[in-house]
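To start, the structure itself, in structure tokens.
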Amino acid sequence: MAETPFPQDPAGAPRYLPIADHGLIGDLRSVALVGTNGTIDWYCCPSFDAPSVFAAVLDADRGGCFELAAAVPARTKQFYFPDTNVLITRFFTEDGVGEVQDFMPVTGQGDERPDEEGRHRLIRRVVCVRGTVPFRSLVAPRFGYGADPHTLREQGGMILFESARRSLALTSTVPLEHDGQDARAAFKLGEGESAVFALDLVGEQVTPRGCPRMEAEREFNTTVAYWRRWLHQSRYRGRWREMVHRSALTLKLLTYAPTGAIVAAPTTSLPEQPGGERNWDYRYVWIRDAAFCVYALLRLGFSGEAEAFMRFLTTHISPGDGAALGPLQIMYGIDGRSDLPERELTQLEGHRGSAPVRVGNAAAGQLQLDIYGALIDSVYLYDKWAQPISSGQWDDVCRLVDWVCDHWDQPDEGVWETRGGRKNFLYSRLMCWVAVERAIRLANRRGLPADLPRWRQARDTIYRRIMDRGWSPRRGAFVQHEDGDVLDASVLMMPLAKFIAPTDPKWLSTLDALTGELVSDSLVYRYNPEASPDGLRGDEGTFSICSFWYVEALVRAGRLDEARLAFEKMLTYANHLGLYAEEIGRTGEQQGNFPQAFTHLALISAAFDLDRALG
């Protein structure tokens with residue numbers, strides 16, 4: 001739980017909550033970030049990549065927000081209703097205790113009324129659990145990332161916020177006031193009393209309506225039951241069950257149910273360095289991230305999510321003709337679209353003044369060869385652990401592997417999407433090796449047709465190239481790119497991908513070199529930007545996925561005491577709900593888009609391996 005100091009004076013509150021001071025709710029189509037102060041300051045609807053309605057996390061003045069909090073000084077604590085994605089924010093005042101229960105009902109699961117199919121709704125239920133508590137609310141949407149004007153009108157007991165592209169309907173069981181743009185409420189609840197606010201997307205299919213207290217109770221119970229039913233599929237019974245299950249629930253929240261896509265993170269432009277320019281839009285499907293997600297979820301027993309992602313690939317993404325950037329892009333929209341133009345939103349100042357705010361992502365036009373290894377490895381595991389892939393899917397795999405055999409030796413932008421020019425990155429070579437090696441395994445196990453002599457030759461050639469030119473005798477380590485001396489945490493994947501034995505002398509020497517240069521209190525930096533310029537200004541924090549890769553590498557090297565200590569330390573860097581952003585700053589603050597799928601899937605994998613090794 002997170003706790004804010006007592007008392008809390010709204011007038012003196014900071015303009016921006018830290019990134020870590022948020023929880024996440026969602027309905028498998030979009031999410032909302034809820035601050036520990038009870039404010040929703042990030043919400044896009046009806047989908048992850050739609051323009052924002054609330055974006056105060058990116059501009060406290062112009063972004064828009066939905067405040068709901070005690071109207072008097074209060075301490076706050078926040079937690080998830082056990083084994084669910086229903087978020088509870090509690091307010092402790094001098095005269096009582098109240099709580100806000102935030103959730104988004106999950107529709108399209110076959111258990112709601114026919115007229116509820118497609119309803120996109122955010123419900124905020126306020127309950128006084130002890131004494132009396134006065135509350136205040138402000139609903140101030142700012143459509144189109146704060147750029148689209150809107151009008152407000154009352155209709156049938158609800159307030160309609162209408163813009164040119166999107167409209168929302170607000171209903172409440174307490175009286176609402178408005179000034180023609182924003183809606184407000186002030187009310188007092190006694191012990192056992194409650195109030196309900198519901199925000200509905202206005203669309204052609206669903207008619208907005210109120211949410212009486214009894215309906216809110218029913219929706220609450222239905223949503224709790226949905227998440228618990230889903231989590232019950234987990235096979236993990238290890239030491240870190242709570243953290244692993246929170247990571248699994250978070251990965252599920254990042255799934256776009258209509259297509260099976262999995263976004264890298266649900267936010268855009270949360271800075272890797274406050275005041276810096278390393279601000280990117282992560283609300284898309286990275287082939288690499290999603291493939292690793294499939295791996296993590298399969299290990300826990302969630303085969304349905306793996307099947308949905310495979311269906312996304314088959315239905316929405318088909319290998320192209322092998323043009324300069326390869327048959328696949330590195331990322332796609334949640335609907336499979338390939339055009340993701342990057343632009344800057346000059347009307348928003350950025351989180352804590354960290355401009356620019358970007359939407360879209362120009363990295364979609366980069367060449368990143370490692371995606372083929374990540375994808376084909378996930379296909380291999382899906383075929384092994386879930387169900388056999390189809391003949392059509394195997395044909396696609398063959399086309400991808402044939403392309404990798406022809407193109408693995410070209411420079412690319414690499415896994416970290418650097419903007420400083422292409423290089424012969426070791427990680428890209430490693431994952432090309434994985435692509436070919438896993439395809440050979442799959443062909444042999446299933447007896448599938450393949451040009452095995454050609455594939456074996458390519459696999460062996462890549463192996464020799466890595467061993468000859470990816471190794472630096474001077475550093476006594478495998479390095480970031482060929483014929484260089486820069487260390488890079490991505491090489492931690494070498495034993496994890498089964499490229500090299502985890503106790504090989506060259507690998508143990510590499511592990512020691514990485515520990516000495518890139519590890520700080522169990523936290524791992526990706527690389528040193530000064531030693532390897534990446535085309536961007538500023539510094540960055542440690543990269544959390546690398547920290548969990550480090551744990552796994554220690555486990556496989558047999559250094560279990562070090563691994564367990566590093567893992568337990570990493571857990572202390574999570575936020576109060578067990579969530580991680582992309583990076584961790586010098587003093588332990590969360591940095592970058594939040595929460596990040598990559599980090600949570602790596603936590604699952606590290607916990608799984610460490611628990612198994614400890615016995």
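Following the order of the structure tokens, first chain is A, next is B, and so on, with residues numbered from 1 inside each chain and ligands from 1 in the order they appear.
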
* For Val57 (chain A), work out the shell of residues within 9 Å, counting only C-alpha atoms and skipping chain neighbours fewer than 4 positions away, then give it as a count of residues only. => 14

* From a DSSP calculation on the backbone, collect every residue of region 109-292 of chain A in helix (DSSP H, G or I) and output the set as JSON, numbers by chain. => {"A": [114, 115, 116, 143, 144, 145, 146, 213, 214, 215, 216, 217, 218, 219, 220, 221, 222, 223, 224, 225, 226, 227, 228, 229, 230, 231, 241, 242, 243, 244, 245, 246, 247, 248, 249, 250, 251, 252, 253, 287, 288, 289, 290, 291, 292]}

* To do: Tell me, as JSON, numbers by chain, which residues lie within 12 Å of Ala261 (chain A), counting only C-alpha atoms; anything in the same chain fewer than 2 positions away does not count.
  => {"A": [28, 29, 30, 47, 48, 251, 252, 253, 254, 255, 256, 257, 258, 259, 263, 264, 265, 283, 284, 285, 286, 287, 289, 290, 291, 293, 294, 305, 306, 307, 308, 309, 310, 311, 312, 313, 314, 315, 316, 317, 331, 332, 333, 334, 335, 336, 337]}

* To do: Excluding Thr151 (chain A) and residues on its chain fewer than 5 positions from it, collect all residues at most 7 Å away from it, counting only C-alpha atoms, and give them as a PyMOL selection string.
  => chain A and resi 161-163+180-181

Keeping only C-alpha atoms, write those residues as a tab-separated table (two decimals), in the first residue's frame.
chain	number	residue	atom	x	y	z
A	161	PHE	CA	-19.47	16.33	-22.68
A	162	GLU	CA	-19.46	16.63	-26.47
A	163	SER	CA	-16.58	17.23	-28.85
A	180	GLY	CA	-20.59	25.00	-19.02
A	181	GLN	CA	-17.32	23.09	-19.37

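Each of A:Ala71, A:Ile584, A:Val129, A:Ala458 was compared to Thr572 (chain A) using only C-alpha atoms, and A:Ile584 turns out to be the nearest.
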
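With only C-alpha atoms as the atoms that count, the minimum distance from Tyr236 (chain A) to the choices A:Leu452, A:Val72, A:Ala296, A:Val196 is reached by A:Ala296.
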
* To do: Name the closest residue to Asn85 (chain A) among the candidates A:Met570, A:Leu577, A:Val126, A:Leu448; distances are taken between atoms, counting only C-alpha atoms.
  => A:Leu577

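Counting only C-alpha atoms, Arg90 (chain A) has the following residues at most 10 Å away, ignoring those fewer than 2 positions along the same chain: A:Glu3, A:Thr36, A:Asn37, A:Gly38, A:Ala69, A:Ala70, A:Ala74, A:Arg75, A:Thr76, A:Lys77, A:Gln78, A:Phe79, A:Leu87, A:Ile88, A:Phe92, A:Thr93, A:Val97, A:Gly98, A:Glu99, A:Val100, A:Gln101, A:Val126, A:Val127, A:Cys128, A:Val129.
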
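Nearest residue to Val486 (chain A), choosing from A:Asp200, A:Asp396, A:Glu217, A:Glu517 and counting only C-alpha atoms: A:Glu517.
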
List as a PDB file with C-alpha atoms, in the first residue's frame the protein and nucleic acid residues near region 172-177 of chain A, meaning an atom at most 12 Å away when only C-alpha atoms are counted, but skip any in the same chain fewer than 5 places from it.
ATOM      1  CA  ILE A 123     -17.309   3.379 -12.585  1.00  0.00           C
ATOM      2  CA  ARG A 124     -16.187   5.171  -9.426  1.00  0.00           C
ATOM      3  CA  ARG A 125     -18.041   4.046  -6.313  1.00  0.00           C
ATOM      4  CA  VAL A 126     -17.478   6.090  -3.136  1.00  0.00           C
ATOM      5  CA  PHE A 135     -16.039  14.423  -0.613  1.00  0.00           C
ATOM      6  CA  ARG A 136     -15.490  16.629  -3.633  1.00  0.00           C
ATOM      7  CA  SER A 137     -15.376  15.785  -7.303  1.00  0.00           C
ATOM      8  CA  LEU A 138     -14.262  17.540 -10.468  1.00  0.00           C
ATOM      9  CA  VAL A 139     -14.810  16.020 -13.905  1.00  0.00           C
ATOM     10  CA  LEU A 152     -21.444  20.599 -21.932  1.00  0.00           C
ATOM     11  CA  ARG A 153     -25.190  20.112 -21.695  1.00  0.00           C
ATOM     12  CA  GLU A 154     -27.636  18.379 -19.389  1.00  0.00           C
ATOM     13  CA  GLY A 157     -30.401  13.587 -15.569  1.00  0.00           C
ATOM     14  CA  MET A 158     -26.939  13.197 -17.067  1.00  0.00           C
ATOM     15  CA  ILE A 159     -24.244  15.572 -18.198  1.00  0.00           C
ATOM     16  CA  ASP A 182     -16.612  21.035 -16.239  1.00  0.00           C
ATOM     17  CA  ALA A 183     -18.819  19.249 -13.707  1.00  0.00           C
ATOM     18  CA  ARG A 184     -18.451  19.353  -9.922  1.00  0.00           C
ATOM     19  CA  ALA A 185     -19.976  17.743  -6.881  1.00  0.00           C
ATOM     20  CA  ALA A 186     -19.661  18.235  -3.121  1.00  0.00           C
ATOM     21  CA  PHE A 187     -21.310  15.776  -0.764  1.00  0.00           C
ATOM     22  CA  LYS A 188     -20.965  14.160   2.663  1.00  0.00           C
ATOM     23  CA  LEU A 189     -21.358  10.456   3.390  1.00  0.00           C
ATOM     24  CA  GLU A 193     -23.525   5.344   2.728  1.00  0.00           C
ATOM     25  CA  SER A 194     -22.272   5.393  -0.848  1.00  0.00           C
ATOM     26  CA  ALA A 195     -22.310   7.422  -4.046  1.00  0.00           C
ATOM     27  CA  VAL A 196     -21.681   6.332  -7.627  1.00  0.00           C
ATOM     28  CA  PHE A 197     -20.168   8.173 -10.576  1.00  0.00           C
ATOM     29  CA  ALA A 198     -20.257   6.534 -14.018  1.00  0.00           C
ATOM     30  CA  LEU A 199     -18.613   7.825 -17.175  1.00  0.00           C
ATOM     31  CA  ASP A 200     -19.892   6.262 -20.405  1.00  0.00           C
ATOM     32  CA  ARG A 209     -27.717   5.679 -18.859  1.00  0.00           C
ATOM     33  CA  GLY A 210     -27.337   6.077 -15.143  1.00  0.00           C
ATOM     34  CA  CYS A 211     -25.666   3.638 -12.771  1.00  0.00           C
ATOM     35  CA  PRO A 212     -27.793   3.276  -9.607  1.00  0.00           C
ATOM     36  CA  ARG A 213     -26.186   1.987  -6.429  1.00  0.00           C
ATOM     37  CA  MET A 214     -27.581  -1.515  -6.859  1.00  0.00           C
ATOM     38  CA  GLU A 215     -26.239  -1.729 -10.396  1.00  0.00           C
ATOM     39  CA  ALA A 216     -22.830  -0.465  -9.260  1.00  0.00           C
TER      40      ALA A 216
END

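Among the candidates A:Ala553, A:Ile462, A:Leu367, A:Leu249, the one nearest to Ala597 (chain A) when counting only C-alpha atoms is A:Leu249.
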
* To do: Enumerate the residues of region 174-373 of chain A with a DSSP assignment of strand (DSSP E), computed from the backbone, and present them as a ChimeraX atom specification.
  => /A:177-178,183-190,194-201,255-256,261-262,285-286,331-332,343-344,358-359

Could you write out the selected residues, including N, CA and C atoms, as an mmCIF file, in the first residue's frame?
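Okay, this is what ended up in part-v3.cif:
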data_model
loop_
_atom_site.group_PDB
_atom_site.id
_atom_site.type_symbol
_atom_site.label_atom_id
_atom_site.label_comp_id
_atom_site.auth_asym_id
_atom_site.auth_seq_id
_atom_site.Cartn_x
_atom_site.Cartn_y
_atom_site.Cartn_z
ATOM 1 N N GLU A 177 -23.066 19.927 -10.336
ATOM 2 C CA GLU A 177 -23.122 21.292 -10.835
ATOM 3 C C GLU A 177 -22.145 21.417 -11.986
ATOM 4 N N HIS A 178 -22.316 22.451 -12.806
ATOM 5 C CA HIS A 178 -21.366 22.631 -13.910
ATOM 6 C C HIS A 178 -21.265 24.109 -14.264
ATOM 7 N N ALA A 183 -17.789 19.597 -14.677
ATOM 8 C CA ALA A 183 -18.819 19.249 -13.707
ATOM 9 C C ALA A 183 -18.187 19.076 -12.327
ATOM 10 N N ARG A 184 -18.945 19.447 -11.293
ATOM 11 C CA ARG A 184 -18.451 19.353 -9.922
ATOM 12 C C ARG A 184 -19.520 18.770 -9.009
ATOM 13 N N ALA A 185 -19.052 18.232 -7.902
ATOM 14 C CA ALA A 185 -19.976 17.743 -6.881
ATOM 15 C C ALA A 185 -19.312 17.894 -5.525
ATOM 16 N N ALA A 186 -20.120 18.197 -4.514
ATOM 17 C CA ALA A 186 -19.661 18.235 -3.121
ATOM 18 C C ALA A 186 -20.733 17.541 -2.293
ATOM 19 N N PHE A 187 -20.324 16.559 -1.494
ATOM 20 C CA PHE A 187 -21.310 15.776 -0.764
ATOM 21 C C PHE A 187 -20.642 15.165 0.470
ATOM 22 N N LYS A 188 -21.473 14.790 1.441
ATOM 23 C CA LYS A 188 -20.965 14.160 2.663
ATOM 24 C C LYS A 188 -21.642 12.806 2.815
ATOM 25 N N LEU A 189 -20.836 11.798 3.192
ATOM 26 C CA LEU A 189 -21.358 10.456 3.390
ATOM 27 C C LEU A 189 -21.166 10.037 4.843
ATOM 28 N N GLY A 190 -22.198 9.397 5.384
ATOM 29 C CA GLY A 190 -22.086 8.796 6.705
ATOM 30 C C GLY A 190 -21.746 7.325 6.588
ATOM 31 N N SER A 194 -23.112 5.439 0.350
ATOM 32 C CA SER A 194 -22.272 5.393 -0.848
ATOM 33 C C SER A 194 -22.801 6.337 -1.911
ATOM 34 N N ALA A 195 -21.937 6.638 -2.874
ATOM 35 C CA ALA A 195 -22.310 7.422 -4.046
ATOM 36 C C ALA A 195 -21.616 6.794 -5.245
ATOM 37 N N VAL A 196 -22.218 6.963 -6.422
ATOM 38 C CA VAL A 196 -21.681 6.332 -7.627
ATOM 39 C C VAL A 196 -21.557 7.358 -8.740
ATOM 40 N N PHE A 197 -20.393 7.392 -9.363
ATOM 41 C CA PHE A 197 -20.168 8.173 -10.576
ATOM 42 C C PHE A 197 -19.889 7.184 -11.711
ATOM 43 N N ALA A 198 -20.507 7.388 -12.853
ATOM 44 C CA ALA A 198 -20.257 6.534 -14.018
ATOM 45 C C ALA A 198 -20.006 7.416 -15.227
ATOM 46 N N LEU A 199 -18.965 7.091 -15.969
ATOM 47 C CA LEU A 199 -18.613 7.825 -17.175
ATOM 48 C C LEU A 199 -18.701 6.863 -18.350
ATOM 49 N N ASP A 200 -19.642 7.132 -19.255
ATOM 50 C CA ASP A 200 -19.892 6.262 -20.405
ATOM 51 C C ASP A 200 -19.450 6.927 -21.697
ATOM 52 N N LEU A 201 -18.865 6.135 -22.573
ATOM 53 C CA LEU A 201 -18.616 6.598 -23.927
ATOM 54 C C LEU A 201 -19.938 6.611 -24.673
ATOM 55 N N THR A 255 -3.781 -6.170 -22.660
ATOM 56 C CA THR A 255 -4.271 -6.923 -23.818
ATOM 57 C C THR A 255 -5.485 -6.221 -24.414
ATOM 58 N N TYR A 256 -5.488 -6.111 -25.734
ATOM 59 C CA TYR A 256 -6.625 -5.522 -26.450
ATOM 60 C C TYR A 256 -7.497 -6.680 -26.937
ATOM 61 N N ALA A 261 -4.098 -8.333 -29.406
ATOM 62 C CA ALA A 261 -2.846 -7.582 -29.351
ATOM 63 C C ALA A 261 -2.470 -7.277 -27.904
ATOM 64 N N ILE A 262 -1.163 -7.123 -27.657
ATOM 65 C CA ILE A 262 -0.660 -6.766 -26.334
ATOM 66 C C ILE A 262 0.211 -5.532 -26.486
ATOM 67 N N VAL A 285 1.813 -2.478 -30.492
ATOM 68 C CA VAL A 285 2.197 -3.878 -30.337
ATOM 69 C C VAL A 285 3.610 -4.063 -30.882
ATOM 70 N N TRP A 286 4.572 -4.145 -29.990
ATOM 71 C CA TRP A 286 5.925 -4.511 -30.400
ATOM 72 C C TRP A 286 5.960 -6.030 -30.564
ATOM 73 N N MET A 331 6.747 -3.068 -34.982
ATOM 74 C CA MET A 331 5.543 -2.796 -34.205
ATOM 75 C C MET A 331 4.376 -2.517 -35.132
ATOM 76 N N TYR A 332 3.176 -2.675 -34.561
ATOM 77 C CA TYR A 332 1.938 -2.450 -35.292
ATOM 78 C C TYR A 332 0.924 -1.802 -34.355
ATOM 79 N N ARG A 343 4.387 12.271 -34.234
ATOM 80 C CA ARG A 343 4.271 13.727 -34.219
ATOM 81 C C ARG A 343 4.326 14.222 -32.786
ATOM 82 N N GLU A 344 4.591 15.497 -32.636
ATOM 83 C CA GLU A 344 4.691 16.100 -31.315
ATOM 84 C C GLU A 344 3.439 16.914 -31.011
ATOM 85 N N ARG A 358 4.961 12.989 -27.453
ATOM 86 C CA ARG A 358 4.857 12.382 -28.787
ATOM 87 C C ARG A 358 3.690 11.400 -28.850
ATOM 88 N N VAL A 359 3.052 11.329 -30.012
ATOM 89 C CA VAL A 359 2.118 10.242 -30.328
ATOM 90 C C VAL A 359 2.555 9.657 -31.659
#

* Please provide the set of residues having any atom within 12 Å of Tyr80 (chain A), restricted to only C-alpha atoms, with same-chain residues fewer than 6 positions apart removed, written as a VMD selection string. => chain A and resid 1 to 2 22 to 25 34 86 to 90 100 to 103 224 227 242 245 to 246 249 to 250 576 to 579
